[in-house]
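*Asks:* As input, take run_8.cif (mmCIF, C-alpha atoms and all ligand atoms):
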data_entry
#
loop_
_atom_site.label_atom_id
_atom_site.label_comp_id
_atom_site.auth_asym_id
_atom_site.auth_seq_id
_atom_site.Cartn_x
_atom_site.Cartn_y
_atom_site.Cartn_z
CA MET A 206 0.00 0.00 0.00
CA GLN A 207 2.81 2.35 0.99
CA THR A 208 4.70 1.51 -2.21
CA ALA A 209 1.56 1.98 -4.34
CA VAL A 210 1.04 5.49 -2.93
CA ALA A 211 4.72 6.32 -3.43
CA LEU A 212 4.58 5.16 -7.07
CA ARG A 213 1.44 7.18 -7.83
CA THR A 214 3.18 10.38 -6.72
CA ASP A 215 6.54 9.50 -8.28
CA LYS A 216 7.64 11.76 -11.16
CA LEU A 217 9.35 8.72 -12.74
CA PRO A 218 6.99 5.83 -11.98
CA GLN A 219 8.83 3.51 -14.36
CA THR A 220 12.41 3.18 -15.58
CA ILE A 221 12.73 4.39 -19.18
CA ALA A 222 15.91 2.42 -19.82
CA ALA A 223 15.91 2.42 -23.63
CA ARG A 224 15.73 6.23 -23.77
CA THR A 225 18.25 6.63 -20.95
CA GLN A 226 20.66 4.33 -22.76
CA ARG A 227 20.34 6.31 -26.00
CA VAL A 228 20.90 9.67 -24.29
CA TYR A 229 23.98 8.50 -22.37
CA ASP A 230 25.37 6.69 -25.42
CA HIS A 231 25.34 10.02 -27.29
CA LEU A 232 27.02 11.84 -24.42
CA ALA A 233 29.84 9.39 -23.69
CA ALA A 234 32.56 11.55 -25.29
CA VAL A 235 31.62 14.82 -23.54
CA TYR A 236 30.39 13.47 -20.18
CA PRO A 237 33.84 13.68 -18.46
CA ALA A 238 33.51 17.50 -18.34
CA SER A 239 30.24 17.28 -16.41
CA THR A 240 31.71 14.75 -13.98
CA PHE A 241 34.75 16.97 -13.38
CA LEU A 242 32.60 20.04 -12.70
CA PHE A 243 29.81 18.50 -10.60
CA HIS A 244 30.72 15.03 -9.32
CA SER A 245 34.46 14.93 -8.57
CA LYS A 246 34.23 16.28 -5.00
CA ALA A 247 31.55 13.74 -4.06
CA HIS A 248 33.52 10.92 -5.73
CA LYS A 249 36.59 11.75 -3.62
CA GLN A 250 34.49 11.89 -0.46
CA ALA A 251 32.70 8.62 -1.31
CA LEU A 252 36.01 6.80 -1.73
CA GLU A 253 37.19 8.07 1.66
CA MET A 254 33.94 6.99 3.34
CA SER A 255 33.91 3.54 1.73
CA GLY A 256 36.71 2.02 3.80
CA LEU A 257 38.07 0.41 0.61
CA ARG A 258 41.31 -1.49 1.17
CA ASN A 259 43.76 -2.40 -1.57
CA GLY A 260 43.24 -6.00 -2.68
CA MET A 261 39.46 -6.08 -2.46
CA SER A 262 36.94 -7.28 -5.03
CA VAL A 263 35.07 -4.08 -5.93
CA LEU A 264 32.04 -3.34 -8.14
CA GLU A 265 31.05 0.07 -9.47
CA ILE A 266 27.52 0.31 -10.86
CA ALA A 267 26.73 2.99 -13.50
CA THR A 268 30.33 4.01 -14.14
CA GLY A 269 29.41 6.70 -16.66
CA SER A 270 32.63 7.78 -18.42
CA GLY A 271 34.79 6.16 -15.73
CA GLU A 272 36.17 8.95 -13.53
CA MET A 273 35.18 7.26 -10.26
CA PHE A 274 36.14 3.87 -11.72
CA ARG A 275 39.72 5.08 -12.20
CA ARG A 276 39.83 6.49 -8.66
CA ILE A 277 38.79 3.08 -7.37
CA ILE A 278 41.39 1.24 -9.48
CA LYS A 279 44.11 3.56 -8.20
CA ALA A 280 43.14 2.74 -4.60
CA ASN A 281 42.68 -0.96 -5.39
CA SER A 282 45.75 -1.57 -7.57
CA ILE A 283 46.30 -5.18 -6.42
CA GLY A 284 42.60 -6.06 -6.20
CA TYR A 285 39.88 -6.65 -8.79
CA THR A 286 37.73 -3.74 -9.97
CA CYS A 287 34.62 -4.42 -12.01
CA GLY A 288 32.36 -1.79 -13.59
CA VAL A 289 28.97 -1.85 -15.30
CA ASP A 290 26.92 0.74 -17.14
CA LEU A 291 23.70 0.51 -19.14
CA SER A 292 25.23 2.49 -22.01
CA PRO A 293 27.59 0.40 -24.16
CA ASN A 294 29.45 3.55 -25.24
CA MET A 295 30.02 4.61 -21.61
CA ALA A 296 31.14 1.09 -20.59
CA ALA A 297 33.47 0.75 -23.59
CA ARG A 298 35.02 4.15 -22.96
CA THR A 299 35.46 3.40 -19.26
CA GLN A 300 37.20 0.10 -19.99
CA ARG A 301 39.39 1.52 -22.77
CA VAL A 302 40.67 4.50 -20.75
CA ALA A 303 41.16 2.45 -17.58
CA ARG A 304 43.15 -0.24 -19.41
CA ARG A 305 45.33 2.43 -21.02
CA LYS A 306 46.01 4.23 -17.72
CA PHE A 307 46.37 1.12 -15.55
CA PRO A 308 47.74 -1.63 -17.83
CA ALA A 309 48.69 -3.89 -14.92
CA ALA A 310 45.36 -3.64 -13.08
CA ASN A 311 42.82 -6.45 -12.92
CA LEU A 312 39.72 -4.65 -14.22
CA ASP A 313 36.71 -5.12 -16.38
CA CYS A 314 33.81 -2.89 -17.48
CA GLN A 315 30.77 -4.15 -19.38
CA ALA A 316 27.40 -2.91 -20.61
CA VAL A 317 24.96 -4.26 -18.02
CA ASP A 318 21.59 -3.13 -16.67
CA ALA A 319 21.97 -2.67 -12.91
CA ARG A 320 18.50 -4.06 -12.35
CA VAL A 321 19.77 -7.60 -13.06
CA LEU A 322 23.40 -8.01 -12.03
CA PRO A 323 25.18 -10.97 -13.71
CA PHE A 324 27.22 -11.87 -10.62
CA ARG A 325 26.99 -14.68 -8.09
CA CYS A 326 25.78 -14.05 -4.55
CA ASP A 327 28.34 -12.75 -2.01
CA ALA A 328 30.87 -11.75 -4.71
CA PHE A 329 32.08 -8.26 -3.72
CA ASP A 330 33.79 -6.65 -0.71
CA ALA A 331 32.67 -3.16 -1.72
CA VAL A 332 30.11 -1.69 -4.10
CA PHE A 333 29.84 1.91 -5.35
CA CYS A 334 26.96 3.56 -7.18
CA CYS A 335 26.98 7.27 -8.00
CA TYR A 336 24.03 9.24 -9.40
CA LEU A 337 22.09 6.27 -10.79
CA PHE A 338 19.00 5.94 -8.61
CA GLU A 339 17.48 9.20 -9.91
CA LEU A 340 17.04 7.34 -13.24
CA LEU A 341 15.24 4.24 -11.95
CA GLY A 342 11.50 3.94 -11.34
CA GLY A 343 10.36 3.44 -7.73
CA ALA A 344 9.90 -0.34 -7.88
CA ASP A 345 13.23 -0.72 -9.73
CA ILE A 346 15.06 1.26 -7.05
CA GLU A 347 13.86 -1.24 -4.46
CA SER A 348 14.67 -4.33 -6.53
CA THR A 349 18.08 -2.95 -7.57
CA LEU A 350 18.97 -2.35 -3.92
CA GLU A 351 18.07 -6.01 -3.31
CA GLU A 352 20.28 -7.06 -6.23
CA ILE A 353 23.19 -5.06 -4.80
CA HIS A 354 22.63 -6.62 -1.38
CA ARG A 355 22.66 -10.08 -2.99
CA VAL A 356 26.05 -9.67 -4.73
CA MET A 357 27.76 -8.26 -1.63
CA LYS A 358 29.68 -10.40 0.85
CA PRO A 359 28.51 -10.28 4.47
CA ARG A 360 30.01 -7.15 6.17
CA ALA A 361 30.74 -5.61 2.75
CA THR A 362 30.20 -1.89 2.27
CA PHE A 363 27.90 -0.15 -0.18
CA THR A 364 28.68 3.51 -0.91
CA MET A 365 26.16 5.51 -2.91
CA VAL A 366 26.04 9.08 -4.13
CA LEU A 367 22.72 10.80 -4.83
CA ILE A 368 21.86 14.23 -6.12
CA GLY A 369 21.28 16.27 -2.95
CA GLN A 370 17.95 17.87 -2.12
CA HIS A 371 19.27 20.34 0.44
CA THR A 372 19.35 23.41 -1.88
CA ARG A 373 15.91 24.83 -2.66
CA LEU A 374 16.79 26.77 -5.81
CA PHE A 375 18.65 23.76 -7.25
CA ASN A 376 15.62 21.56 -6.51
CA LYS A 377 13.39 23.89 -8.55
CA ALA A 378 15.82 23.90 -11.49
CA TYR A 379 16.16 20.11 -11.30
CA HIS A 380 12.41 19.68 -11.30
CA VAL A 381 12.16 21.67 -14.56
CA ALA A 382 15.10 19.84 -16.16
CA GLY A 383 13.66 16.47 -15.14
CA SER A 384 10.27 17.30 -16.68
CA LEU A 385 11.95 18.28 -19.97
CA VAL A 386 14.41 15.38 -20.34
CA PRO A 387 13.47 12.66 -17.83
CA ALA A 388 15.70 10.06 -19.51
CA PHE A 389 18.78 12.16 -18.68
CA TRP A 390 17.85 13.83 -15.37
CA GLY A 391 15.26 11.54 -13.80
CA ARG A 392 14.05 13.05 -10.52
CA GLN A 393 15.60 13.59 -7.08
CA VAL A 394 15.28 10.76 -4.57
CA ALA A 395 17.84 11.63 -1.88
CA THR A 396 15.39 12.57 0.87
CA LYS A 397 13.57 9.25 0.91
CA PHE A 398 16.67 7.17 0.17
CA PRO A 399 17.89 6.25 3.68
CA GLU A 400 14.52 4.62 4.36
CA LEU A 401 14.76 2.55 1.16
CA VAL A 402 18.32 1.50 2.00
CA LYS A 403 17.24 0.32 5.46
CA ARG A 404 14.28 -1.54 3.98
CA ALA A 405 16.73 -3.47 1.75
CA ASN A 406 18.43 -4.76 4.93
CA PHE A 407 21.44 -2.47 4.94
CA ARG A 408 22.69 -0.63 8.03
CA ILE A 409 23.63 2.97 7.29
CA VAL A 410 26.99 3.86 8.84
CA GLU A 411 27.56 7.36 7.44
CA ASP A 412 25.45 9.98 5.71
CA ILE A 413 26.83 13.34 4.59
CA GLN A 414 25.83 16.20 2.31
CA LEU A 415 28.16 18.47 0.33
CA ARG A 416 28.13 20.94 -2.55
CA GLN A 417 30.37 21.42 -5.56
CA GLY A 418 29.50 24.96 -6.66
CA PHE A 419 25.70 25.01 -6.86
CA TYR A 420 25.45 21.22 -7.28
CA PRO A 421 24.48 19.30 -4.11
CA SER A 422 25.25 15.65 -3.37
CA ARG A 423 24.31 13.25 -0.60
CA ILE A 424 26.67 10.37 0.17
CA LEU A 425 25.65 7.32 2.16
CA THR A 426 27.74 4.38 3.28
CA ALA A 427 25.84 1.26 4.33
CA ARG A 428 26.84 -2.21 5.48
CA LYS A 429 25.40 -5.64 4.80
CA ASP A 430 25.29 -7.20 8.27
C1 LIG B 1 24.19 10.64 -14.12
S1 LIG B 1 25.24 9.45 -14.89
C2 LIG B 1 26.41 9.14 -13.58
C3 LIG B 1 27.71 8.60 -14.07
C4 LIG B 1 28.78 8.35 -13.01
N1 LIG B 1 28.33 7.36 -12.04
C5 LIG B 1 29.18 9.60 -12.30
O1 LIG B 1 29.17 9.63 -11.07
O2 LIG B 1 29.57 10.59 -12.96
C6 LIG B 1 24.20 8.04 -14.84
C7 LIG B 1 24.79 6.80 -15.50
O3 LIG B 1 23.93 5.70 -15.17
C8 LIG B 1 23.84 4.86 -16.29
N2 LIG B 1 22.59 4.10 -16.14
C9 LIG B 1 21.33 4.53 -16.27
N3 LIG B 1 20.45 3.54 -16.05
C10 LIG B 1 21.19 2.43 -15.76
C11 LIG B 1 20.88 1.07 -15.46
N4 LIG B 1 19.60 0.66 -15.41
N5 LIG B 1 21.89 0.20 -15.24
C12 LIG B 1 23.18 0.63 -15.30
N6 LIG B 1 23.55 1.90 -15.59
C13 LIG B 1 22.56 2.80 -15.82
C14 LIG B 1 23.85 5.81 -17.47
O4 LIG B 1 24.18 5.16 -18.67
C15 LIG B 1 24.89 6.84 -17.01
O5 LIG B 1 26.17 6.49 -17.43
#
As structure tokens, what does this structure read like?

*Replies:*
Amino acid sequence: MQTAVALRTDKLPQTIAARTQRVYDHLAAVYPASTFLFHSKAHKQALEMSGLRNGMSVLEIATGSGEMFRRIIKANSIGYTCGVDLSPNMAARTQRVARRKFPAANLDCQAVDARVLPFRCDAFDAVFCCYLFELLGGADIESTLEEIHRVMKPRATFTMVLIGQHTRLFNKAYHVAGSLVPAFWGRQVATKFPELVKRANFRIVEDIQLRQGFYPSRILTARKD
């Protein structure tokens, strides 16, 4: 009942994956600029909060053009770092650049829909996911959190970055942008997210908000107990 009410009021009641894939495929070559300007501070903070140790088996979901992926590889040079993104162009770019910059690293990045992860249960010590959940419909957010929980080892850490909702003017602008191009912007979900994370059987261990210029982010670290 609660979920049904939430879905009725949701600005993105269903994932529009085919359109999202097309939009991000077209943007793969220019997306690094946007990440540098708006996401890099949150990426750095997320890595610090994650407790990642070199030698782990690490998954990043929705790598985009691979800026966070390369940060993770640098910190996990003797471990295994795996990335996935819905957009084949994003995934291919991420893998190509990472292999060029870190030829000795054990890494892999493939085009995969996060809603069905092609990994066995209990596979990863740490999972990262930055700025994806805005693009998933309500029911898919819940099932994707369950998928992430499934592929994590017990005691593993899940670090997620969301678009913050703590700046009123930004929220208004985002609302307009999301109505115009929902496949690219989606809608903000940060405020209700801690509740969804807890419902998926994670324990939240840290929750912070920051801004890079006018762009707000919320970063959560959660553990599978
Ligand atoms: C806003 S970008 C964020 C990119 C990167 N994580 C960052 O922090 O800069 C969202 C990314 O999510 C990917 N994406 C969207 N829906 C997805 C899905 N269902 N499964 C996997 N990736 C998805 C898009 O292709 C895009 O690269």

*Asks:* Would you list the contacts of Asp290 of chain A as a list in words, taking every protein, DNA or RNA residue within 6 Å and counting only C-alpha atoms, but skipping same-chain residues closer than 3 positions in sequence?

*Replies:*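 Once the adjacent positions are removed, what remains is Ala267, Thr268, Ala296, Ala316 and Val317 of chain A.
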
*Asks:* Have a look at A:Met261, A:Cys314, A:Val289, A:Ala238 and name the one nearest to ligand LIG 1 (chain B); count all atoms listed in the file.

*Replies:*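 Comparing A:Met261, A:Cys314, A:Val289, A:Ala238 against ligand LIG 1 (chain B), the winner is A:Val289.
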
*Asks:* Quick check, in Å to one decimal: how far apart do atom CA of Phe398 of chain A and atom CA of Val332 of chain A lie?

*Replies:*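 According to the coordinates, atom CA of Phe398 of chain A and atom CA of Val332 of chain A are separated by 16.7 Å.
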
*Asks:* Taking into account all atoms listed in the file, which residue in the set A:Ser255, A:Thr214, A:Thr349, A:Gln414 is nearest to ligand LIG 1 (chain B)?

*Replies:*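 Under the stated criterion, the closest residue is A:Thr349.
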
*Asks:* Taking all atoms of ligand LIG 1 (chain B) that appear in the file, build a box with edges along x, y and z, extend it by 3 Å on every side, and state its centre and edge lengths in Å to one decimal, as lines of an AutoDock Vina configuration file.

*Replies:*
center_x = 24.6
center_y = 5.4
center_z = -14.9
size_x = 16.0
size_y = 16.4
size_z = 13.6

*Asks:* Calculated over all atoms listed in the file, which of the candidates A:Arg304, A:Arg298, A:His248, A:His380 has the smallest distance to Met273 of chain A?

*Replies:*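 With all atoms listed in the file as the atom set, the closest residue is A:His248.
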
*Asks:* Any idea what's packed within 10 Å of Leu401 of chain A, counting only C-alpha atoms, ignoring anything in its chain fewer than 3 positions away? Could you give it as a PyMOL selection string?

*Replies:* chain A and resi 343+346-347+350+397-398+404-407

*Asks:* Would you be able to write out as a PyMOL selection string which residues have an atom within 10 Å of (27.3, 8.6, -26.0) in the file's coordinates, counting all atoms listed in the file?

*Replies:* chain A and resi 226-236+269-270+292-295+298

*Asks:* Pick the closest to Gly288 of chain A from A:Phe419, A:Phe363, A:Phe333, A:Tyr379: which is it, counting only C-alpha atoms?

*Replies:* A:Phe333

*Asks:* Find the residue from A:Thr372, A:Ser239, A:Ser384, A:Gln393 that sits nearest to Pro421 of chain A; use all atoms listed in the file when measuring.

*Replies:*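 Of all the options, A:Thr372 lies closest to Pro421 of chain A.
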
*Asks:* List as a PDB file with C-alpha atoms, keeping the file's coordinate frame the protein and nucleic acid residues near Gly391 of chain A, meaning an atom at most 10 Å away when only C-alpha atoms are counted, but skip any in the same chain fewer than 2 places from it.

*Replies:*
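Done, and the output landed in selection-v1.pdb:
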ATOM      1  CA  LYS A 216       7.640  11.760 -11.160  1.00  0.00           C
ATOM      2  CA  LEU A 217       9.350   8.720 -12.740  1.00  0.00           C
ATOM      3  CA  THR A 220      12.410   3.180 -15.580  1.00  0.00           C
ATOM      4  CA  ILE A 221      12.730   4.390 -19.180  1.00  0.00           C
ATOM      5  CA  THR A 225      18.250   6.630 -20.950  1.00  0.00           C
ATOM      6  CA  LEU A 337      22.090   6.270 -10.790  1.00  0.00           C
ATOM      7  CA  PHE A 338      19.000   5.940  -8.610  1.00  0.00           C
ATOM      8  CA  GLU A 339      17.480   9.200  -9.910  1.00  0.00           C
ATOM      9  CA  LEU A 340      17.040   7.340 -13.240  1.00  0.00           C
ATOM     10  CA  LEU A 341      15.240   4.240 -11.950  1.00  0.00           C
ATOM     11  CA  GLY A 342      11.500   3.940 -11.340  1.00  0.00           C
ATOM     12  CA  TYR A 379      16.160  20.110 -11.300  1.00  0.00           C
ATOM     13  CA  HIS A 380      12.410  19.680 -11.300  1.00  0.00           C
ATOM     14  CA  ALA A 382      15.100  19.840 -16.160  1.00  0.00           C
ATOM     15  CA  GLY A 383      13.660  16.470 -15.140  1.00  0.00           C
ATOM     16  CA  SER A 384      10.270  17.300 -16.680  1.00  0.00           C
ATOM     17  CA  LEU A 385      11.950  18.280 -19.970  1.00  0.00           C
ATOM     18  CA  VAL A 386      14.410  15.380 -20.340  1.00  0.00           C
ATOM     19  CA  PRO A 387      13.470  12.660 -17.830  1.00  0.00           C
ATOM     20  CA  ALA A 388      15.700  10.060 -19.510  1.00  0.00           C
ATOM     21  CA  PHE A 389      18.780  12.160 -18.680  1.00  0.00           C
ATOM     22  CA  GLN A 393      15.600  13.590  -7.080  1.00  0.00           C
ATOM     23  CA  VAL A 394      15.280  10.760  -4.570  1.00  0.00           C
TER      24      VAL A 394
END

*Asks:* When you count all atoms listed in the file, which of these residues is closest to ligand LIG 1 (chain B): A:Arg360, A:Arg320, A:Arg325, A:Arg275?

*Replies:*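 When distances to ligand LIG 1 (chain B) are compared using all atoms listed in the file, the smallest one comes from A:Arg320.
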
*Asks:* Report, in Å to a single decimal, how far apart atom CA of Ala310 of chain A and atom CA of Asp430 of chain A are.

*Replies:* 29.5 Å

*Asks:* List the spatial neighbours of Phe243 of chain A as a PyMOL selection string - criterion: any atom at most 12 Å away, all atoms listed in the file, same-chain residues fewer than 6 positions off excluded.

*Replies:* chain A and resi 236-237+249+272+335-336+367-369+415-422

*Asks:* Would you compute the distance between atom CA of Glu265 of chain A and atom CA of Lys306 of chain A? Give it in Å to one decimal.

*Replies:* 17.6 Å

*Asks:* For a quick check of your reading of the model, name the residues lying within 6 Å of the coordinate (32.1, 5.0, -4.5), counting only C-alpha atoms, and write them as a compact mmCIF listing (two decimals) with C-alpha atoms, in the frame of the given file.

*Replies:*
# COMPACT_ATOMS: atom_id res chain seq x y z
CA ALA A 251 32.70 8.62 -1.31
CA LEU A 252 36.01 6.80 -1.73
CA PHE A 333 29.84 1.91 -5.35
CA CYS A 334 26.96 3.56 -7.18
CA THR A 364 28.68 3.51 -0.91
